[in-house]
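The next block holds one structure in the form of structure tokens; read it before the comments.
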Amino acid sequence: MYAYDELDRTLINERVSEFRDQVKRRLSGELTEDEFKILRLQNGVYLQLHAYMFRVAIPYGTLSSKQMRRLAHVARRYDRGYGHFTTRQNIQFNWIKLAELPDALAELAEVGIHAMQTSGNNMRNVTSDQWAGVAPGEVEDPRIWSEILRQHTTLHPEFSFLPRKFKIAITASEHDRAAIKIHDIGLRLHKNADGEIGFEVLVGGGLGRTPFIAKTIKPFVHGRDILSYVEAILRVYNQYGRRDNIYKARIKILVHELGIEKFAREVEEEWKQMGHSALTLDHSAIEEVRSRFSYPAYEKLPHMPDELKQAAADPLFERWRKNSVAPHKVQGYSIVTLSLKPVGGPPGDATADQMDAIADLADRYSFGEIRVGHEQNLALPHVAKRDLPQLWRALDRLGLATPNVNLVTDIIACPGLDYCSLANARSIPIAQELTRRFANHDTANMIGRLHINISGCINACGHHHVGHIGILGVEKNGEEFYQITIGGRADENAQMGVLIGPAVPYAEVADVIEDIVEAYLALRDRPEELFVDTVKRLGVEPFKERVYATR
Amino acid sequence: MPLVKNGRITTDLFVRVADGDELPGNGDILISSERFLVDPEALLRRSGKTGVIWPNNRAVDDLVPYLDRLAAVALVFPTFRDGRAYSQARLLRERHGYDGELRAIGQVLRDQFVFMSRAGFDTFEVKKDADADAFAETMKRYSVFYQPTGDGRVTALNRRMQLRHSESAGQ
């Protein structure tokens with residue numbers, strides 16, 4: 001965990017005071033709604049269909065148990081007793097009252113949580129691998145760099161009024177769990193031939209109505225230069241990104257219109273002119289940030305403790321362990337994913353009581369640490385293997401042990417028309433219906449890894465383009481219709497899914513998805529061939545034929 | 001519209017002259033970039049000071065040859081959500097060494113003061129009287145800064161390293 005010091009605490013308290021003043025000026029009429037809109041967005045406050053929505057930052061998805069308890073408190077005291085974890089490792093509250101927001105923020109600030117830049121046209125919460133620092137085989141803990149970037153991007157005096165929002169994601173693993181290729185800037189930590197730490201820098205990824213996979217702008221930027229290089233990209237974007245059309249304002253459009261080579265030359269030119277600047281991070285600066293991260297005092301534990309051997313006799317435990325428990329870099333420990341996708345539930349929601357209970361379990365079993373992943377699940381990153389059976393029983397009682405991680409019912413979905421003022425169609429009920437259709441875990445297991453992503457409109461908050469199956473809500477003559485794509489993926493081989501056929505009405509979506517899955521089961525050449533690989537091998541046609549033959 | 005310069009509400013000594021209008025014989029003037037670039041040398045020979053209003057969609061490079069003879073550069077915020085002039089300001093101050101008046105004009109609200117000051121602005125045409133009155137107070141809102149800019153404020157990282165250094169020196 002990164003430990004805030006007095007300076008970090010002072011800054012977020014100063015931000016709370018500023019926001020309090022802004023709310024006061026709005027309520028007194030001194031600020032127009034138009035002016036206030038930009039200011040509230042800078043602090044994560046949207047006006048939704050029914051109420052204000054408040055998005056709180058969880059930088060690179062790391063939370064302490066104390067912070068989780070405070071989120072539970074905010075859910076209970078200021079909202080309706082629950083929160084929604086998002087695809088960018090944030091949490092949203094849907095029923096906040098404007099006049100109470102400054103107090104909620106002040107309570108969060110006490111435990112080092114803020115809502116700075118969780119919306120608006122600025123640099124958003126820096127995201128990373130939810131297994132950062134614990135996954136085997138990482139180049140190093142990407143959170144060190146995430147924190148360096150978090151600080152650098154917070155209240156940046158030059159880049160707080162960009163043409164459009166700007167998202168950065170970092171991974172240090174070969175397998176990309178941070179979806180860096182669908183970010184404005186994606187950073188992949190790796191070492192050069194001399195063993196020095198640096199980044200492959202990708203730029204111009206993003207979904208929305210014009211989706212692009214990010215392109216590599218520079219294969220290696222030395223760690224000491226990463227701030228100046230990112231600043232050079234942003235300076236080019238701030239000056240030349242389009243501001244005439246909100247739908248063409250993301251950096252992906254600028255990169256596309258200029259071409260990656262020309263864009264790269266512009267950045268390179270700007271970067272050279274910066275030269276050796278105050279942004280260059282010397283060794284001691286990096287070490288200063290590194291020193292503020294604390295790591296658990298792991299015990300020396302056996303790879304296969306007796307508790308685990310005994311529990312293996314219980315098929316329900318084994319089913320959960322095989323699904324939700326992942327290898328840890330330290331022997332005797334595991335990473336445990338907590339599914340926020342129960343059958344029939346809205347994906348990513350957690351109640352205040354669940355949050356409190358998770359905080360307690362984190363204290364007992366995970367050195368007080370919790371992670372949030374972009375798939376809208378949580379994780380306990382340092383669980384001793386001997387504790388797995390006990391933890392499982394506790395999670396099961398809380399409804400957090402659904403063994404469906406990465407399976408067909410582990411659905412990513414935006415809030416959709418149930419909450420969102422931008423949506424054309426509902427997302428949550430579609431997800432709920434699908435989890436009921438595939439509620440049988442043996443069937444889901446037999447299907448294997450399959451990501452379904454649902455967005456209620458073209459803004460693509462549910463990342464439908466990169467779902468193995470993507471579902472996009474559209475409006476046709478006042479009715480909800482859904483376009484379905486297959487073959488998308490968000491990992492290191494990221495690509496957009498391909499449309500399978502005409503949009504289908506709300507009532508037919510679950511049937512169509514069932515047909516697609518049945519087609520896959522018939523078409524896969526062996527049980528190990530994943531859905532997305534079958535689509536890659538055969539293309540869309542055989543799926544289309546089977547799905548639309550009877551429609 | 002009140003003018004805040006060097007932290008205080010003050011009288012604007014520059015007269016803004018529209019493109020078609022005749023220039024006053026003496027006195028300080030603020031004119032458009034187009035007008036300035038037609039014959040910069042002639043304008044700079046006038047007895048009064050010259051300031052230029054520079055649009056936010058034109059590279060400041062074209063202004064660089066004249067910077068040491070300009071008394072003011074005004075950068076434009078057509079709306080406060082349009083942040084291009086922040087980059088222009090930093091380039092003028094930090095790359096091109098401009099040390100004359102750097103003025104923010106357009107939709108300037110108190111919520112931008114700290115950002116603008118950090119980017120190098122020292123003069124503000126403030127839209128609302130209440131915001132101009134609150135200038136000094138607003139500038140005190142923040143005491144911690146994460147990014148190094150040309151404004152000389154010490155960053156959080158440097159403060160931490162200084163602290164660490166002095167602690168280890170004291171041992």
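By order in the structure tokens, chains are A, B, ...; within a chain, residues start at 1; ligands start at 1, following the order shown.
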At most 6 Å to chain A: residues in chain B, only C-alpha atoms, as a compact mmCIF listing (two decimals) with C-alpha atoms, in the first residue's frame:
```
# COMPACT_ATOMS: atom_id res chain seq x y z
CA ARG B 81 -13.13 24.62 -20.53
CA ASP B 82 -10.75 25.41 -23.40
CA GLY B 83 -7.29 24.94 -21.90
CA ARG B 84 -4.97 25.57 -24.85
CA TYR B 86 -2.17 27.04 -20.44
CA SER B 87 0.29 25.33 -22.78
CA PHE B 115 -3.75 26.79 -12.48
CA TYR B 142 -3.44 25.26 -2.22
CA VAL B 144 0.88 21.51 -1.97
CA TYR B 146 2.77 17.86 -7.37
CA GLN B 147 4.14 19.16 -10.68
```
Long-range neighbours of Glu514 of chain A as a ChimeraX atom specification, 12 Å cut-off, only C-alpha atoms, 6 positions minimum in chain: /A:408-409,433-438,443-444,447,452,469,508,520-521,543,546-547
Atoms to include: C-alpha atoms. Write the selected residues as a JSON list (two decimals), in the first residue's frame.
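Output file result19.json is given in full below:
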```json
[["chain", "number", "residue", "atom", "x", "y", "z"],
["A", 408, "VAL", "CA", -19.93, -16.48, -19.01],
["A", 409, "THR", "CA", -21.75, -14.96, -16.03],
["A", 433, "GLU", "CA", -31.14, -12.46, -17.18],
["A", 434, "LEU", "CA", -27.94, -13.93, -18.64],
["A", 435, "THR", "CA", -26.65, -14.89, -15.21],
["A", 436, "ARG", "CA", -29.92, -16.77, -14.65],
["A", 437, "ARG", "CA", -29.70, -18.52, -18.02],
["A", 438, "PHE", "CA", -26.18, -19.73, -17.28],
["A", 443, "THR", "CA", -22.40, -25.68, -17.75],
["A", 444, "ALA", "CA", -20.54, -22.41, -17.29],
["A", 447, "ILE", "CA", -18.14, -23.38, -21.68],
["A", 452, "ILE", "CA", -19.66, -10.83, -22.05],
["A", 469, "ILE", "CA", -19.37, -11.31, -26.80],
["A", 508, "GLU", "CA", -34.57, -11.84, -27.55],
["A", 520, "TYR", "CA", -19.53, -22.35, -30.06],
["A", 521, "LEU", "CA", -19.91, -25.63, -28.19],
["A", 543, "PHE", "CA", -22.06, -18.23, -35.81],
["A", 546, "ARG", "CA", -26.68, -20.69, -36.66],
["A", 547, "VAL", "CA", -28.03, -17.71, -34.78]]
```
Just the number, please: distance in Å from atom CA of Thr87 of chain A to atom CA of Ala232 of chain A, one decimal. 27.2 Å
All residues 9 Å or closer to Val76 of chain B, only C-alpha atoms, same chain fewer than 2 positions away omitted, as a list in words: Ile53, Trp54, Pro55, Asn56, Ala74, Pro78, Thr79, Arg84, Ala85, Arg103, Ala104, Ile105, Gly106 and Gln107 of chain B
Deliver the residues from the most recent selection as a file, using C-alpha atoms, as a PDB file, in the first residue's frame.
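Result written to selection_6.pdb:
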```pdb
ATOM      1  CA  ILE B  53      -3.694  39.404 -27.920  1.00  0.00           C
ATOM      2  CA  TRP B  54      -2.595  36.003 -29.095  1.00  0.00           C
ATOM      3  CA  PRO B  55      -5.256  33.454 -30.152  1.00  0.00           C
ATOM      4  CA  ASN B  56      -5.137  30.010 -28.612  1.00  0.00           C
ATOM      5  CA  ALA B  74      -2.783  38.320 -23.568  1.00  0.00           C
ATOM      6  CA  PRO B  78     -12.857  31.522 -25.143  1.00  0.00           C
ATOM      7  CA  THR B  79     -14.565  29.387 -22.516  1.00  0.00           C
ATOM      8  CA  ARG B  84      -4.969  25.567 -24.853  1.00  0.00           C
ATOM      9  CA  ALA B  85      -3.645  28.828 -23.458  1.00  0.00           C
ATOM     10  CA  ARG B 103      -2.534  38.207 -19.134  1.00  0.00           C
ATOM     11  CA  ALA B 104      -5.451  35.770 -19.098  1.00  0.00           C
ATOM     12  CA  ILE B 105      -8.540  37.046 -20.917  1.00  0.00           C
ATOM     13  CA  GLY B 106     -11.920  35.559 -21.796  1.00  0.00           C
ATOM     14  CA  GLN B 107     -13.900  33.429 -19.379  1.00  0.00           C
TER      15      GLN B 107
END
```
Quick check for you: according to DSSP on this backbone, which residues of segment 45-124 of chain B are classed as helix (DSSP H, G or I)? Reply as a ChimeraX atom specification. /B:45,60-69,84-95,110-119
Could you turn the residues from that selection into a file that holds C-alpha atoms, as a compact mmCIF listing (two decimals), in the first residue's frame?
```txt
# COMPACT_ATOMS: atom_id res chain seq x y z
CA ARG B 45 8.74 51.91 -32.42
CA VAL B 60 3.43 31.07 -30.08
CA ASP B 61 6.54 30.51 -32.21
CA ASP B 62 5.45 33.38 -34.47
CA LEU B 63 5.59 35.74 -31.52
CA VAL B 64 8.97 34.66 -30.25
CA PRO B 65 11.12 37.12 -32.27
CA TYR B 66 9.36 40.07 -30.60
CA LEU B 67 9.03 38.84 -27.04
CA ASP B 68 11.80 40.96 -25.55
CA ARG B 69 10.17 44.13 -26.88
CA ARG B 84 -4.97 25.57 -24.85
CA ALA B 85 -3.65 28.83 -23.46
CA TYR B 86 -2.17 27.04 -20.44
CA SER B 87 0.29 25.33 -22.78
CA GLN B 88 1.01 28.58 -24.59
CA ALA B 89 1.68 30.33 -21.29
CA ARG B 90 4.14 27.71 -20.10
CA LEU B 91 5.94 27.73 -23.44
CA LEU B 92 6.27 31.52 -23.37
CA ARG B 93 7.55 31.58 -19.81
CA GLU B 94 9.53 28.39 -19.53
CA ARG B 95 10.84 27.78 -23.04
CA ARG B 110 -11.63 32.13 -9.65
CA ASP B 111 -11.48 28.38 -10.13
CA GLN B 112 -8.70 28.83 -12.68
CA PHE B 113 -6.52 31.28 -10.75
CA VAL B 114 -4.16 28.72 -9.23
CA PHE B 115 -3.75 26.79 -12.48
CA MET B 116 -3.15 30.02 -14.40
CA SER B 117 -0.66 31.34 -11.93
CA ARG B 118 1.24 28.06 -11.99
CA ALA B 119 1.32 28.21 -15.80
```
